[in-house]
$ cat coords_9.cif   # mmCIF, N, CA and C atoms
data_query
#
loop_
_atom_site.label_atom_id
_atom_site.label_comp_id
_atom_site.auth_asym_id
_atom_site.auth_seq_id
_atom_site.Cartn_x
_atom_site.Cartn_y
_atom_site.Cartn_z
N MET A 29 -0.98 13.76 -5.31
CA MET A 29 -0.28 12.74 -4.54
C MET A 29 1.13 12.58 -5.07
N SER A 30 2.01 12.28 -4.19
CA SER A 30 3.39 12.08 -4.60
C SER A 30 3.53 10.71 -5.26
N ARG A 31 4.66 10.52 -5.90
CA ARG A 31 4.89 9.23 -6.57
C ARG A 31 4.93 8.09 -5.57
N LEU A 32 5.54 8.34 -4.41
CA LEU A 32 5.62 7.30 -3.38
C LEU A 32 4.24 6.89 -2.91
N THR A 33 3.38 7.84 -2.66
CA THR A 33 2.03 7.54 -2.20
C THR A 33 1.23 6.81 -3.27
N THR A 34 1.37 7.24 -4.52
CA THR A 34 0.65 6.59 -5.62
C THR A 34 1.12 5.16 -5.81
N LEU A 35 2.43 4.96 -5.82
CA LEU A 35 2.98 3.62 -5.99
C LEU A 35 2.59 2.71 -4.83
N SER A 36 2.63 3.23 -3.63
CA SER A 36 2.26 2.43 -2.45
C SER A 36 0.78 2.07 -2.47
N THR A 37 -0.06 3.00 -2.90
CA THR A 37 -1.49 2.72 -2.98
C THR A 37 -1.78 1.63 -4.00
N VAL A 38 -1.13 1.71 -5.15
CA VAL A 38 -1.31 0.70 -6.19
C VAL A 38 -0.82 -0.66 -5.71
N MET A 39 0.34 -0.68 -5.04
CA MET A 39 0.87 -1.95 -4.55
C MET A 39 -0.03 -2.54 -3.47
N GLY A 40 -0.52 -1.70 -2.58
CA GLY A 40 -1.40 -2.19 -1.52
C GLY A 40 -2.72 -2.73 -2.06
N LEU A 41 -3.31 -2.02 -3.02
CA LEU A 41 -4.57 -2.49 -3.59
C LEU A 41 -4.38 -3.77 -4.41
N SER A 42 -3.26 -3.88 -5.12
CA SER A 42 -3.02 -5.11 -5.86
C SER A 42 -2.76 -6.27 -4.90
N GLY A 43 -2.16 -6.00 -3.75
CA GLY A 43 -1.97 -7.03 -2.73
C GLY A 43 -3.29 -7.51 -2.16
N VAL A 44 -4.21 -6.59 -1.93
CA VAL A 44 -5.54 -6.96 -1.44
C VAL A 44 -6.26 -7.84 -2.46
N ILE A 45 -6.19 -7.45 -3.72
CA ILE A 45 -6.84 -8.22 -4.77
C ILE A 45 -6.22 -9.60 -4.88
N LEU A 46 -4.88 -9.67 -4.83
CA LEU A 46 -4.20 -10.97 -4.90
C LEU A 46 -4.61 -11.87 -3.74
N ALA A 47 -4.63 -11.32 -2.54
CA ALA A 47 -5.00 -12.12 -1.37
C ALA A 47 -6.44 -12.59 -1.45
N MET A 48 -7.35 -11.70 -1.85
CA MET A 48 -8.77 -12.08 -1.92
C MET A 48 -9.02 -13.15 -2.97
N LEU A 49 -8.49 -12.93 -4.16
CA LEU A 49 -8.76 -13.88 -5.25
C LEU A 49 -8.10 -15.23 -4.98
N THR A 50 -6.92 -15.22 -4.40
CA THR A 50 -6.26 -16.48 -4.08
C THR A 50 -7.02 -17.24 -2.99
N ALA A 51 -7.50 -16.53 -1.99
CA ALA A 51 -8.27 -17.19 -0.93
C ALA A 51 -9.60 -17.72 -1.45
N LEU A 52 -10.25 -16.95 -2.32
CA LEU A 52 -11.52 -17.42 -2.87
C LEU A 52 -11.35 -18.62 -3.79
N ALA A 53 -10.23 -18.68 -4.51
CA ALA A 53 -10.00 -19.78 -5.43
C ALA A 53 -9.41 -21.00 -4.72
N GLY A 54 -9.09 -20.87 -3.45
CA GLY A 54 -8.52 -21.99 -2.71
C GLY A 54 -7.07 -22.24 -3.09
N GLY A 55 -6.36 -21.18 -3.39
CA GLY A 55 -4.97 -21.29 -3.81
C GLY A 55 -4.02 -21.52 -2.65
N ALA A 56 -2.76 -21.47 -2.97
CA ALA A 56 -1.72 -21.72 -1.98
C ALA A 56 -1.67 -20.61 -0.93
N VAL A 57 -1.34 -21.02 0.27
CA VAL A 57 -1.27 -20.09 1.39
C VAL A 57 -0.16 -19.05 1.16
N GLU A 58 0.88 -19.43 0.45
CA GLU A 58 1.99 -18.52 0.21
C GLU A 58 1.55 -17.28 -0.57
N PHE A 59 0.64 -17.47 -1.53
CA PHE A 59 0.17 -16.33 -2.31
C PHE A 59 -0.73 -15.41 -1.48
N VAL A 60 -1.48 -15.98 -0.57
CA VAL A 60 -2.29 -15.16 0.33
C VAL A 60 -1.36 -14.34 1.23
N ALA A 61 -0.31 -14.99 1.73
CA ALA A 61 0.66 -14.27 2.58
C ALA A 61 1.39 -13.19 1.78
N LEU A 62 1.71 -13.48 0.53
CA LEU A 62 2.34 -12.48 -0.32
C LEU A 62 1.42 -11.28 -0.52
N GLY A 63 0.14 -11.54 -0.74
CA GLY A 63 -0.83 -10.46 -0.90
C GLY A 63 -0.93 -9.60 0.35
N PHE A 64 -0.94 -10.25 1.53
CA PHE A 64 -1.01 -9.48 2.76
C PHE A 64 0.27 -8.69 3.00
N GLY A 65 1.40 -9.26 2.61
CA GLY A 65 2.67 -8.52 2.71
C GLY A 65 2.68 -7.29 1.82
N MET A 66 2.19 -7.45 0.59
CA MET A 66 2.10 -6.31 -0.32
C MET A 66 1.17 -5.25 0.23
N MET A 67 0.07 -5.71 0.83
CA MET A 67 -0.89 -4.78 1.42
C MET A 67 -0.24 -4.00 2.57
N LEU A 68 0.52 -4.69 3.40
CA LEU A 68 1.18 -4.03 4.52
C LEU A 68 2.22 -3.03 4.04
N LEU A 69 3.04 -3.41 3.05
CA LEU A 69 4.03 -2.48 2.52
C LEU A 69 3.37 -1.28 1.85
N GLY A 70 2.26 -1.52 1.17
CA GLY A 70 1.54 -0.42 0.56
C GLY A 70 0.98 0.54 1.58
N PHE A 71 0.46 0.00 2.67
CA PHE A 71 -0.08 0.84 3.74
C PHE A 71 1.03 1.69 4.37
N MET A 72 2.15 1.06 4.67
CA MET A 72 3.25 1.79 5.29
C MET A 72 3.80 2.87 4.37
N GLY A 73 3.91 2.57 3.08
CA GLY A 73 4.38 3.57 2.13
C GLY A 73 3.43 4.74 2.00
N ALA A 74 2.14 4.45 2.03
CA ALA A 74 1.15 5.52 1.94
C ALA A 74 1.19 6.41 3.18
N VAL A 75 1.40 5.81 4.34
CA VAL A 75 1.50 6.60 5.57
C VAL A 75 2.74 7.48 5.55
N VAL A 76 3.87 6.92 5.12
CA VAL A 76 5.10 7.71 5.04
C VAL A 76 4.96 8.83 4.01
N GLY A 77 4.36 8.51 2.86
CA GLY A 77 4.14 9.54 1.84
C GLY A 77 3.20 10.63 2.33
N GLY A 78 2.19 10.26 3.10
CA GLY A 78 1.27 11.24 3.66
C GLY A 78 1.96 12.17 4.65
N PHE A 79 2.82 11.60 5.49
CA PHE A 79 3.56 12.44 6.44
C PHE A 79 4.54 13.35 5.72
N ALA A 80 5.15 12.87 4.64
CA ALA A 80 6.06 13.71 3.86
C ALA A 80 5.31 14.88 3.24
N ALA A 81 4.13 14.61 2.70
CA ALA A 81 3.32 15.68 2.12
C ALA A 81 2.87 16.66 3.19
N LEU A 82 2.53 16.15 4.35
CA LEU A 82 2.13 17.01 5.46
C LEU A 82 3.28 17.91 5.89
N GLY A 83 4.50 17.38 5.89
CA GLY A 83 5.66 18.20 6.24
C GLY A 83 5.89 19.32 5.25
N ARG A 84 5.68 19.04 3.95
CA ARG A 84 5.83 20.10 2.95
C ARG A 84 4.75 21.16 3.11
N ILE A 85 3.54 20.74 3.43
CA ILE A 85 2.45 21.69 3.62
C ILE A 85 2.71 22.55 4.86
N TRP A 86 3.24 21.91 5.91
CA TRP A 86 3.53 22.63 7.14
C TRP A 86 4.56 23.74 6.90
N GLU A 87 5.59 23.46 6.08
CA GLU A 87 6.59 24.46 5.79
C GLU A 87 6.03 25.57 4.91
N THR A 88 5.07 25.26 4.05
CA THR A 88 4.49 26.26 3.17
C THR A 88 3.67 27.28 3.95
N THR A 89 3.02 26.86 5.01
CA THR A 89 2.17 27.77 5.77
C THR A 89 2.95 28.74 6.64
N ARG A 90 4.23 28.47 6.84
CA ARG A 90 5.03 29.38 7.70
C ARG A 90 5.45 30.60 6.97
#
$ encode --input "coords_9.cif" --output "structure tokens"
Amino acid sequence: MSRLTTLSTVMGLSGVILAMLTALAGGAVEFVALGFGMMLLGFMGAVVGGFAALGRIWETTR
């Protein structure tokens, strides 16, 4: 995996954990929203990193 994909995956998973634990503990809504934002950014980064890796693989097969 590329660095972008790895970093995005870690950020997305930590966002999920933050959102879940904050919601379970009855914490502030802002932290739940922050967790979901991190999850969304992590997902988008992983998708972009996946397409970048796919582009490199596509060029290798030619």
$ atom_distance --input "coords_9.cif" --atom1 "atom CA of A:Phe59" --atom2 "atom CA of A:Ala47"
6.7 Å
$ closest_residue --input "coords_9.cif" --among "A:Thr50, A:Leu68, A:Gly73, A:Gly63" --to "A:Leu35" --atoms "only N, CA and C atoms"
A:Gly73
$ resolve_selection --input "coords_9.cif" --expression "the PyMOL selection byres ((chain A and resi 64) around 8)" --output "PyMOL selection string"
chain A and resi 42-48+58-63+65-70
$ atom_distance --input "coords_9.cif" --atom1 "atom C of A:Ala56" --atom2 "atom CA of A:Val75"
28.2 Å
$ resolve_selection --input "coords_9.cif" --expression "the PyMOL selection byres (((chain A and resi 34 and name CA) around 12) and name CA)" --output "list in words"
Met29, Ser30, Arg31, Leu32, Thr33, Leu35, Ser36, Thr37, Val38, Met39, Gly40, Leu41, Gly70, Phe71, Gly73, Ala74, Val75, Val76, Gly77 and Gly78 of chain A
$ write_last_selection --input "coords_9.cif" --atoms "N, CA and C atoms" --output "PDB file, keeping the file's coordinate frame"
ATOM      1  N   MET A  29      -0.980  13.760  -5.310  1.00  0.00           N
ATOM      2  CA  MET A  29      -0.280  12.740  -4.540  1.00  0.00           C
ATOM      3  C   MET A  29       1.130  12.580  -5.070  1.00  0.00           C
ATOM      4  N   SER A  30       2.010  12.280  -4.190  1.00  0.00           N
ATOM      5  CA  SER A  30       3.390  12.080  -4.600  1.00  0.00           C
ATOM      6  C   SER A  30       3.530  10.710  -5.260  1.00  0.00           C
ATOM      7  N   ARG A  31       4.660  10.520  -5.900  1.00  0.00           N
ATOM      8  CA  ARG A  31       4.890   9.230  -6.570  1.00  0.00           C
ATOM      9  C   ARG A  31       4.930   8.090  -5.570  1.00  0.00           C
ATOM     10  N   LEU A  32       5.540   8.340  -4.410  1.00  0.00           N
ATOM     11  CA  LEU A  32       5.620   7.300  -3.380  1.00  0.00           C
ATOM     12  C   LEU A  32       4.240   6.890  -2.910  1.00  0.00           C
ATOM     13  N   THR A  33       3.380   7.840  -2.660  1.00  0.00           N
ATOM     14  CA  THR A  33       2.030   7.540  -2.200  1.00  0.00           C
ATOM     15  C   THR A  33       1.230   6.810  -3.270  1.00  0.00           C
ATOM     16  N   LEU A  35       2.430   4.960  -5.820  1.00  0.00           N
ATOM     17  CA  LEU A  35       2.980   3.620  -5.990  1.00  0.00           C
ATOM     18  C   LEU A  35       2.590   2.710  -4.830  1.00  0.00           C
ATOM     19  N   SER A  36       2.630   3.230  -3.630  1.00  0.00           N
ATOM     20  CA  SER A  36       2.260   2.430  -2.450  1.00  0.00           C
ATOM     21  C   SER A  36       0.780   2.070  -2.470  1.00  0.00           C
ATOM     22  N   THR A  37      -0.060   3.000  -2.900  1.00  0.00           N
ATOM     23  CA  THR A  37      -1.490   2.720  -2.980  1.00  0.00           C
ATOM     24  C   THR A  37      -1.780   1.630  -4.000  1.00  0.00           C
ATOM     25  N   VAL A  38      -1.130   1.710  -5.150  1.00  0.00           N
ATOM     26  CA  VAL A  38      -1.310   0.700  -6.190  1.00  0.00           C
ATOM     27  C   VAL A  38      -0.820  -0.660  -5.710  1.00  0.00           C
ATOM     28  N   MET A  39       0.340  -0.680  -5.040  1.00  0.00           N
ATOM     29  CA  MET A  39       0.870  -1.950  -4.550  1.00  0.00           C
ATOM     30  C   MET A  39      -0.030  -2.540  -3.470  1.00  0.00           C
ATOM     31  N   GLY A  40      -0.520  -1.700  -2.580  1.00  0.00           N
ATOM     32  CA  GLY A  40      -1.400  -2.190  -1.520  1.00  0.00           C
ATOM     33  C   GLY A  40      -2.720  -2.730  -2.060  1.00  0.00           C
ATOM     34  N   LEU A  41      -3.310  -2.020  -3.020  1.00  0.00           N
ATOM     35  CA  LEU A  41      -4.570  -2.490  -3.590  1.00  0.00           C
ATOM     36  C   LEU A  41      -4.380  -3.770  -4.410  1.00  0.00           C
ATOM     37  N   GLY A  70       2.260  -1.520   1.170  1.00  0.00           N
ATOM     38  CA  GLY A  70       1.540  -0.420   0.560  1.00  0.00           C
ATOM     39  C   GLY A  70       0.980   0.540   1.580  1.00  0.00           C
ATOM     40  N   PHE A  71       0.460   0.000   2.670  1.00  0.00           N
ATOM     41  CA  PHE A  71      -0.080   0.840   3.740  1.00  0.00           C
ATOM     42  C   PHE A  71       1.030   1.690   4.370  1.00  0.00           C
ATOM     43  N   GLY A  73       3.910   2.570   3.080  1.00  0.00           N
ATOM     44  CA  GLY A  73       4.380   3.570   2.130  1.00  0.00           C
ATOM     45  C   GLY A  73       3.430   4.740   2.000  1.00  0.00           C
ATOM     46  N   ALA A  74       2.140   4.450   2.030  1.00  0.00           N
ATOM     47  CA  ALA A  74       1.150   5.520   1.940  1.00  0.00           C
ATOM     48  C   ALA A  74       1.190   6.410   3.180  1.00  0.00           C
ATOM     49  N   VAL A  75       1.400   5.810   4.340  1.00  0.00           N
ATOM     50  CA  VAL A  75       1.500   6.600   5.570  1.00  0.00           C
ATOM     51  C   VAL A  75       2.740   7.480   5.550  1.00  0.00           C
ATOM     52  N   VAL A  76       3.870   6.920   5.120  1.00  0.00           N
ATOM     53  CA  VAL A  76       5.100   7.710   5.040  1.00  0.00           C
ATOM     54  C   VAL A  76       4.960   8.830   4.010  1.00  0.00           C
ATOM     55  N   GLY A  77       4.360   8.510   2.860  1.00  0.00           N
ATOM     56  CA  GLY A  77       4.140   9.540   1.840  1.00  0.00           C
ATOM     57  C   GLY A  77       3.200  10.630   2.330  1.00  0.00           C
ATOM     58  N   GLY A  78       2.190  10.260   3.100  1.00  0.00           N
ATOM     59  CA  GLY A  78       1.270  11.240   3.660  1.00  0.00           C
ATOM     60  C   GLY A  78       1.960  12.170   4.650  1.00  0.00           C
TER      61      GLY A  78
END
$ atom_distance --input "coords_9.cif" --atom1 "atom N of A:Trp86" --atom2 "atom C of A:Met72"
19.1 Å
